[in-house]
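Undergrad: Input: one structure, supplied below.
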Amino acid sequence: MNIYHISYTEKFVGERMAMLSFKGCNFDCIGCIREKNEYDIYAEDRKYIDWNFENILKELEELNPRRLYLGGYEPTLDPDLIKIIENLSKLDVHIVLMTNGSRIDERYAIELKEAGVNEVIAGVKAFDREKHLYYTKRSNEPVLNAIKNLAAIEDAYFRLQVETILLPGINDPADIEELAIFISQINPAISLFIEPWIPIAGVEFEEPRKPDLIEAVSKAMKHLYVVSYHPLYSEIKEIRETPRKAKFIEILPEEKREKQ
Ligand code: SF4
């Protein structure tokens, strides 16, 4: 089992949400925020437990989230993932798998659906092949194929969302429009979420500008019915200073207590 961390909040877009983070990734992104901070950058409270799947399930039963995200690095590298999802699906929770999509062939897409995943968020780091290779050290071909494989079996209980980053020089508004055209050729009803890159100290890229974000959204909306986006990181920092911010707690293995 690759799960190394749980994060929970009562007020994520108005509902209880938990996230299970998985270790290990087959990409090597230049701007990997996980490598800089493996835990919850927003957590204000912390709890430690004996780390095994039984105890993780017990915590989730107590927290009783409405949505459960499987994310972190790359969950599909976990050889136990299908079994884990089968167990989580007994909790009566909406299960969302966040993935770089690189390992989802036709068969694995069906296995995920049958195990009980309700939604897959497939991340496309860059639509341009060369820029994707530069940014992740891996081809984006399997990722684009995964979108086709997941879209082919989408229904009311197994939804697909494509997520992409806005990163100047790697995935610009024009690249995002190309991605939107690619998605629209599969099905224009597939939703696209645009995530502005989070600036990281010591990494060559700068935070995207608000006009670029607006341009990316406008260009994508020409081809897809549903396009949404995340505020810039600098905007979130401001938003979180208001009294309406959600409070996050994180749950970690007991042996991490001294190291934090
Ligand atoms: S796919 Fe995600 S976890 Fe993996 S290296 Fe890239 S940013 Fe990091």
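Every chain in the structure tokens takes a letter, A first, then B, and so on in the order presented; its residues are numbered from 1, and the ligands are numbered from 1 following the presented order.
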Return as a compact mmCIF listing (two decimals) with C-alpha atoms, in the first residue's frame the residues of protein, DNA or RNA that approach ligand 1 to within 9 Å, with only C-alpha atoms and all ligand atoms taken into account.
TA:
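Contents of the output file pocket35.txt:
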```txt
# COMPACT_ATOMS: atom_id res chain seq x y z
CA LYS A 23 3.67 7.80 -2.74
CA GLY A 24 5.62 7.30 -5.94
CA CYS A 25 5.39 8.76 -9.42
CA ASN A 26 6.58 7.70 -12.87
CA PHE A 27 6.85 11.34 -14.07
CA ASP A 28 9.64 13.71 -13.16
CA CYS A 29 7.96 17.12 -13.50
CA ILE A 30 10.19 20.16 -13.19
CA GLY A 31 7.58 21.93 -11.07
CA CYS A 32 6.40 19.01 -8.89
CA ILE A 33 4.85 20.64 -5.84
CA ARG A 34 4.68 17.23 -4.10
CA GLU A 35 8.44 16.95 -4.00
CA GLY A 71 -4.18 11.66 -5.12
CA GLY A 72 -0.79 12.76 -3.87
CA TYR A 73 1.86 11.57 -6.32
CA GLU A 74 0.47 8.89 -8.69
CA THR A 99 -4.05 10.64 -11.96
CA ASN A 100 -1.47 11.63 -14.54
CA GLY A 101 -3.26 9.08 -16.73
CA GLY A 123 -4.10 15.56 -15.61
CA VAL A 124 -2.47 16.75 -18.83
CA LYS A 125 0.70 18.63 -17.96
CA TYR A 135 8.53 19.13 -18.40
CA THR A 136 7.76 15.54 -17.25
```
Undergrad: Mind listing the helix (DSSP H, G or I) residues of stretch 15-258 of chain A, per DSSP on the backbone, as a ChimeraX atom specification?
TA: /A:33-36,53-63,75-77,81-91,106-115,129-136,141-152,173-186,210-221,233-239,254-256
Undergrad: Could you take the residues named above and write them with C-alpha atoms, as an mmCIF file, in the first residue's frame?
TA:
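Final output, part-v2.cif:
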```
data_model
loop_
_atom_site.group_PDB
_atom_site.id
_atom_site.type_symbol
_atom_site.label_atom_id
_atom_site.label_comp_id
_atom_site.auth_asym_id
_atom_site.auth_seq_id
_atom_site.Cartn_x
_atom_site.Cartn_y
_atom_site.Cartn_z
ATOM 1 C CA ILE A 33 4.855 20.635 -5.841
ATOM 2 C CA ARG A 34 4.680 17.226 -4.096
ATOM 3 C CA GLU A 35 8.439 16.953 -4.000
ATOM 4 C CA LYS A 36 8.621 20.344 -2.303
ATOM 5 C CA PHE A 53 -5.149 0.255 6.014
ATOM 6 C CA GLU A 54 -7.533 -0.922 8.753
ATOM 7 C CA ASN A 55 -6.819 2.209 10.822
ATOM 8 C CA ILE A 56 -7.061 4.449 7.740
ATOM 9 C CA LEU A 57 -10.523 2.984 7.035
ATOM 10 C CA LYS A 58 -11.503 3.545 10.677
ATOM 11 C CA GLU A 59 -10.462 7.217 10.455
ATOM 12 C CA LEU A 60 -12.462 7.648 7.263
ATOM 13 C CA GLU A 61 -15.527 6.034 8.848
ATOM 14 C CA GLU A 62 -15.312 8.581 11.683
ATOM 15 C CA LEU A 63 -14.682 11.553 9.399
ATOM 16 C CA PRO A 75 -2.063 6.481 -7.105
ATOM 17 C CA THR A 76 -2.120 4.092 -10.094
ATOM 18 C CA LEU A 77 1.430 2.972 -9.256
ATOM 19 C CA LEU A 81 -5.088 0.315 -5.682
ATOM 20 C CA ILE A 82 -7.981 -1.738 -7.061
ATOM 21 C CA LYS A 83 -8.368 -3.634 -3.765
ATOM 22 C CA ILE A 84 -8.153 -0.355 -1.831
ATOM 23 C CA ILE A 85 -10.900 1.209 -3.972
ATOM 24 C CA GLU A 86 -13.117 -1.871 -3.539
ATOM 25 C CA ASN A 87 -12.871 -1.419 0.230
ATOM 26 C CA LEU A 88 -13.360 2.353 0.129
ATOM 27 C CA SER A 89 -16.457 1.997 -2.048
ATOM 28 C CA LYS A 90 -18.212 0.290 0.903
ATOM 29 C CA LEU A 91 -18.047 3.630 2.774
ATOM 30 C CA GLU A 106 -8.604 0.203 -21.786
ATOM 31 C CA ARG A 107 -8.510 -2.692 -19.348
ATOM 32 C CA TYR A 108 -7.372 -0.681 -16.342
ATOM 33 C CA ALA A 109 -10.068 1.952 -17.005
ATOM 34 C CA ILE A 110 -12.701 -0.805 -16.747
ATOM 35 C CA GLU A 111 -11.083 -2.219 -13.573
ATOM 36 C CA LEU A 112 -11.225 1.230 -11.936
ATOM 37 C CA LYS A 113 -14.883 1.625 -12.847
ATOM 38 C CA GLU A 114 -15.805 -1.844 -11.618
ATOM 39 C CA ALA A 115 -13.888 -1.343 -8.351
ATOM 40 C CA ARG A 129 4.505 16.580 -27.176
ATOM 41 C CA GLU A 130 7.957 18.120 -26.936
ATOM 42 C CA LYS A 131 7.089 20.451 -24.083
ATOM 43 C CA HIS A 132 5.463 17.558 -22.189
ATOM 44 C CA LEU A 133 8.618 15.513 -22.642
ATOM 45 C CA TYR A 134 10.737 18.420 -21.421
ATOM 46 C CA TYR A 135 8.526 19.127 -18.398
ATOM 47 C CA THR A 136 7.761 15.538 -17.247
ATOM 48 C CA GLU A 141 0.705 9.852 -25.686
ATOM 49 C CA PRO A 142 -0.490 7.389 -22.985
ATOM 50 C CA VAL A 143 -2.142 10.307 -21.152
ATOM 51 C CA LEU A 144 -4.122 11.354 -24.228
ATOM 52 C CA ASN A 145 -5.037 7.695 -24.864
ATOM 53 C CA ALA A 146 -6.257 7.417 -21.258
ATOM 54 C CA ILE A 147 -8.701 10.268 -21.907
ATOM 55 C CA LYS A 148 -10.112 8.288 -24.857
ATOM 56 C CA ASN A 149 -10.264 5.053 -22.806
ATOM 57 C CA LEU A 150 -12.036 6.724 -19.880
ATOM 58 C CA ALA A 151 -14.433 8.706 -22.086
ATOM 59 C CA ALA A 152 -15.478 5.476 -23.830
ATOM 60 C CA PRO A 173 -3.443 29.482 -23.610
ATOM 61 C CA ALA A 174 -2.869 28.398 -27.253
ATOM 62 C CA ASP A 175 -1.810 24.893 -26.097
ATOM 63 C CA ILE A 176 -4.856 24.712 -23.842
ATOM 64 C CA GLU A 177 -7.066 25.565 -26.818
ATOM 65 C CA GLU A 178 -5.420 22.696 -28.768
ATOM 66 C CA LEU A 179 -6.157 20.381 -25.847
ATOM 67 C CA ALA A 180 -9.784 21.603 -25.778
ATOM 68 C CA ILE A 181 -10.093 20.831 -29.507
ATOM 69 C CA PHE A 182 -8.658 17.334 -28.899
ATOM 70 C CA ILE A 183 -11.169 16.727 -26.085
ATOM 71 C CA SER A 184 -14.094 18.145 -28.117
ATOM 72 C CA GLN A 185 -13.357 15.631 -30.865
ATOM 73 C CA ILE A 186 -13.898 12.851 -28.306
ATOM 74 C CA LYS A 210 -4.468 36.621 -14.599
ATOM 75 C CA PRO A 211 -4.995 37.765 -18.247
ATOM 76 C CA ASP A 212 -3.370 34.480 -19.405
ATOM 77 C CA LEU A 213 -5.787 32.521 -17.236
ATOM 78 C CA ILE A 214 -8.770 34.415 -18.652
ATOM 79 C CA GLU A 215 -7.454 33.894 -22.189
ATOM 80 C CA ALA A 216 -6.979 30.143 -21.601
ATOM 81 C CA VAL A 217 -10.512 29.772 -20.236
ATOM 82 C CA SER A 218 -12.038 31.813 -23.096
ATOM 83 C CA LYS A 219 -10.170 29.835 -25.756
ATOM 84 C CA ALA A 220 -11.159 26.463 -24.232
ATOM 85 C CA MET A 221 -14.806 27.548 -23.901
ATOM 86 C CA TYR A 233 -2.004 30.804 -5.957
ATOM 87 C CA SER A 234 -1.390 34.456 -5.014
ATOM 88 C CA GLU A 235 -5.174 35.006 -5.012
ATOM 89 C CA ILE A 236 -5.769 31.943 -2.817
ATOM 90 C CA LYS A 237 -3.316 33.246 -0.237
ATOM 91 C CA GLU A 238 -5.372 36.445 -0.046
ATOM 92 C CA ILE A 239 -8.689 34.559 0.060
ATOM 93 C CA GLU A 254 2.869 7.787 14.203
ATOM 94 C CA GLU A 255 6.579 7.553 13.276
ATOM 95 C CA LYS A 256 6.382 10.972 11.557
#
```
Undergrad: May I ask which of the residues A:Asn140, A:Ser228, A:Gln161, A:Thr9 is the closest one to A:Ile194, counting only C-alpha atoms?
TA: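 Nearest to A:Ile194: A:Ser228.
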Undergrad: Based on DSSP run over this structure's backbone, return all residues of stretch 38-178 of chain A in strand (DSSP E or B), as a ChimeraX atom specification.
TA: /A:43-49,67-72,94-99,119-124,155,158-167,171
Undergrad: May I have the selected residues written with N, CA and C atoms, as a short mmCIF file (atom, residue, chain, number, x, y, z; two decimals), in the first residue's frame?
TA:
```
data_model
loop_
_atom_site.label_atom_id
_atom_site.label_comp_id
_atom_site.auth_asym_id
_atom_site.auth_seq_id
_atom_site.Cartn_x
_atom_site.Cartn_y
_atom_site.Cartn_z
N ALA A 43 -2.92 22.66 6.00
CA ALA A 43 -3.34 22.03 7.27
C ALA A 43 -2.99 22.89 8.48
N GLU A 44 -3.95 22.98 9.40
CA GLU A 44 -3.72 23.76 10.62
C GLU A 44 -3.70 22.86 11.85
N ASP A 45 -4.16 21.62 11.70
CA ASP A 45 -4.20 20.66 12.79
C ASP A 45 -3.59 19.36 12.32
N ARG A 46 -3.06 18.57 13.25
CA ARG A 46 -2.38 17.34 12.84
C ARG A 46 -2.70 16.22 13.85
N LYS A 47 -2.81 14.99 13.34
CA LYS A 47 -3.08 13.85 14.21
C LYS A 47 -2.20 12.70 13.73
N TYR A 48 -1.76 11.82 14.64
CA TYR A 48 -0.90 10.70 14.25
C TYR A 48 -1.59 9.39 14.62
N ILE A 49 -1.48 8.39 13.75
CA ILE A 49 -2.11 7.09 14.03
C ILE A 49 -1.13 5.97 13.65
N ARG A 67 -16.97 13.33 -0.20
CA ARG A 67 -16.09 13.10 -1.37
C ARG A 67 -14.75 12.63 -0.85
N LEU A 68 -14.18 11.63 -1.54
CA LEU A 68 -12.88 11.10 -1.14
C LEU A 68 -11.95 11.12 -2.36
N TYR A 69 -10.90 11.93 -2.28
CA TYR A 69 -9.95 12.05 -3.39
C TYR A 69 -8.78 11.11 -3.17
N LEU A 70 -8.37 10.41 -4.21
CA LEU A 70 -7.17 9.57 -4.18
C LEU A 70 -6.14 10.29 -5.02
N GLY A 71 -5.12 10.83 -4.38
CA GLY A 71 -4.18 11.66 -5.12
C GLY A 71 -2.78 11.58 -4.55
N GLY A 72 -2.18 12.73 -4.34
CA GLY A 72 -0.79 12.76 -3.87
C GLY A 72 0.13 12.75 -5.06
N HIS A 94 -18.33 9.40 -2.50
CA HIS A 94 -18.02 9.65 -3.91
C HIS A 94 -16.50 9.60 -4.09
N ILE A 95 -15.99 8.61 -4.82
CA ILE A 95 -14.54 8.40 -4.93
C ILE A 95 -14.01 9.05 -6.21
N VAL A 96 -13.03 9.92 -6.02
CA VAL A 96 -12.44 10.64 -7.16
C VAL A 96 -10.96 10.25 -7.27
N LEU A 97 -10.58 9.70 -8.39
CA LEU A 97 -9.17 9.35 -8.61
C LEU A 97 -8.48 10.46 -9.39
N MET A 98 -7.39 10.98 -8.83
CA MET A 98 -6.61 12.01 -9.53
C MET A 98 -5.34 11.34 -10.06
N THR A 99 -5.14 11.42 -11.36
CA THR A 99 -4.05 10.64 -11.96
C THR A 99 -3.38 11.41 -13.10
N GLU A 119 -15.36 9.01 -10.26
CA GLU A 119 -14.90 10.14 -11.09
C GLU A 119 -13.39 10.02 -11.25
N VAL A 120 -12.92 10.27 -12.45
CA VAL A 120 -11.47 10.30 -12.68
C VAL A 120 -11.10 11.71 -13.14
N ILE A 121 -10.07 12.26 -12.52
CA ILE A 121 -9.53 13.54 -12.99
C ILE A 121 -8.16 13.22 -13.60
N ALA A 122 -8.11 13.31 -14.92
CA ALA A 122 -6.87 12.97 -15.63
C ALA A 122 -6.11 14.26 -15.95
N GLY A 123 -4.89 14.34 -15.46
CA GLY A 123 -4.10 15.56 -15.61
C GLY A 123 -3.23 15.54 -16.87
N VAL A 124 -3.34 16.60 -17.65
CA VAL A 124 -2.47 16.75 -18.83
C VAL A 124 -1.52 17.90 -18.53
N ASP A 155 -20.22 7.23 -17.77
CA ASP A 155 -21.68 7.26 -17.64
C ASP A 155 -22.02 8.11 -16.42
N PHE A 158 -19.79 7.22 -13.46
CA PHE A 158 -18.34 7.15 -13.69
C PHE A 158 -17.98 8.32 -14.60
N ARG A 159 -17.62 9.45 -13.97
CA ARG A 159 -17.42 10.69 -14.71
C ARG A 159 -15.94 10.92 -14.98
N LEU A 160 -15.70 11.69 -16.02
CA LEU A 160 -14.33 12.04 -16.39
C LEU A 160 -14.18 13.55 -16.43
N GLN A 161 -13.13 14.03 -15.83
CA GLN A 161 -12.77 15.44 -15.97
C GLN A 161 -11.30 15.50 -16.38
N VAL A 162 -11.00 16.36 -17.31
CA VAL A 162 -9.59 16.56 -17.69
C VAL A 162 -9.11 17.81 -16.97
N GLU A 163 -7.91 17.69 -16.42
CA GLU A 163 -7.33 18.85 -15.73
C GLU A 163 -6.02 19.19 -16.44
N THR A 164 -5.77 20.46 -16.59
CA THR A 164 -4.49 20.83 -17.19
C THR A 164 -3.91 22.02 -16.46
N ILE A 165 -2.59 22.16 -16.53
CA ILE A 165 -1.99 23.32 -15.86
C ILE A 165 -1.78 24.44 -16.88
N LEU A 166 -1.88 25.65 -16.38
CA LEU A 166 -1.50 26.81 -17.18
C LEU A 166 -0.10 27.19 -16.73
N LEU A 167 0.86 27.00 -17.61
CA LEU A 167 2.25 27.26 -17.24
C LEU A 167 2.95 27.95 -18.41
N ASN A 171 2.68 25.18 -21.16
CA ASN A 171 1.28 24.96 -21.55
C ASN A 171 0.57 26.32 -21.51
#
```
Undergrad: If we count only C-alpha atoms, what is near A:Ile3 at a cut-off of 8 Å, once residues fewer than 4 positions away on the same chain are taken out, given as a PyMOL selection string?
TA: chain A and resi 20-23
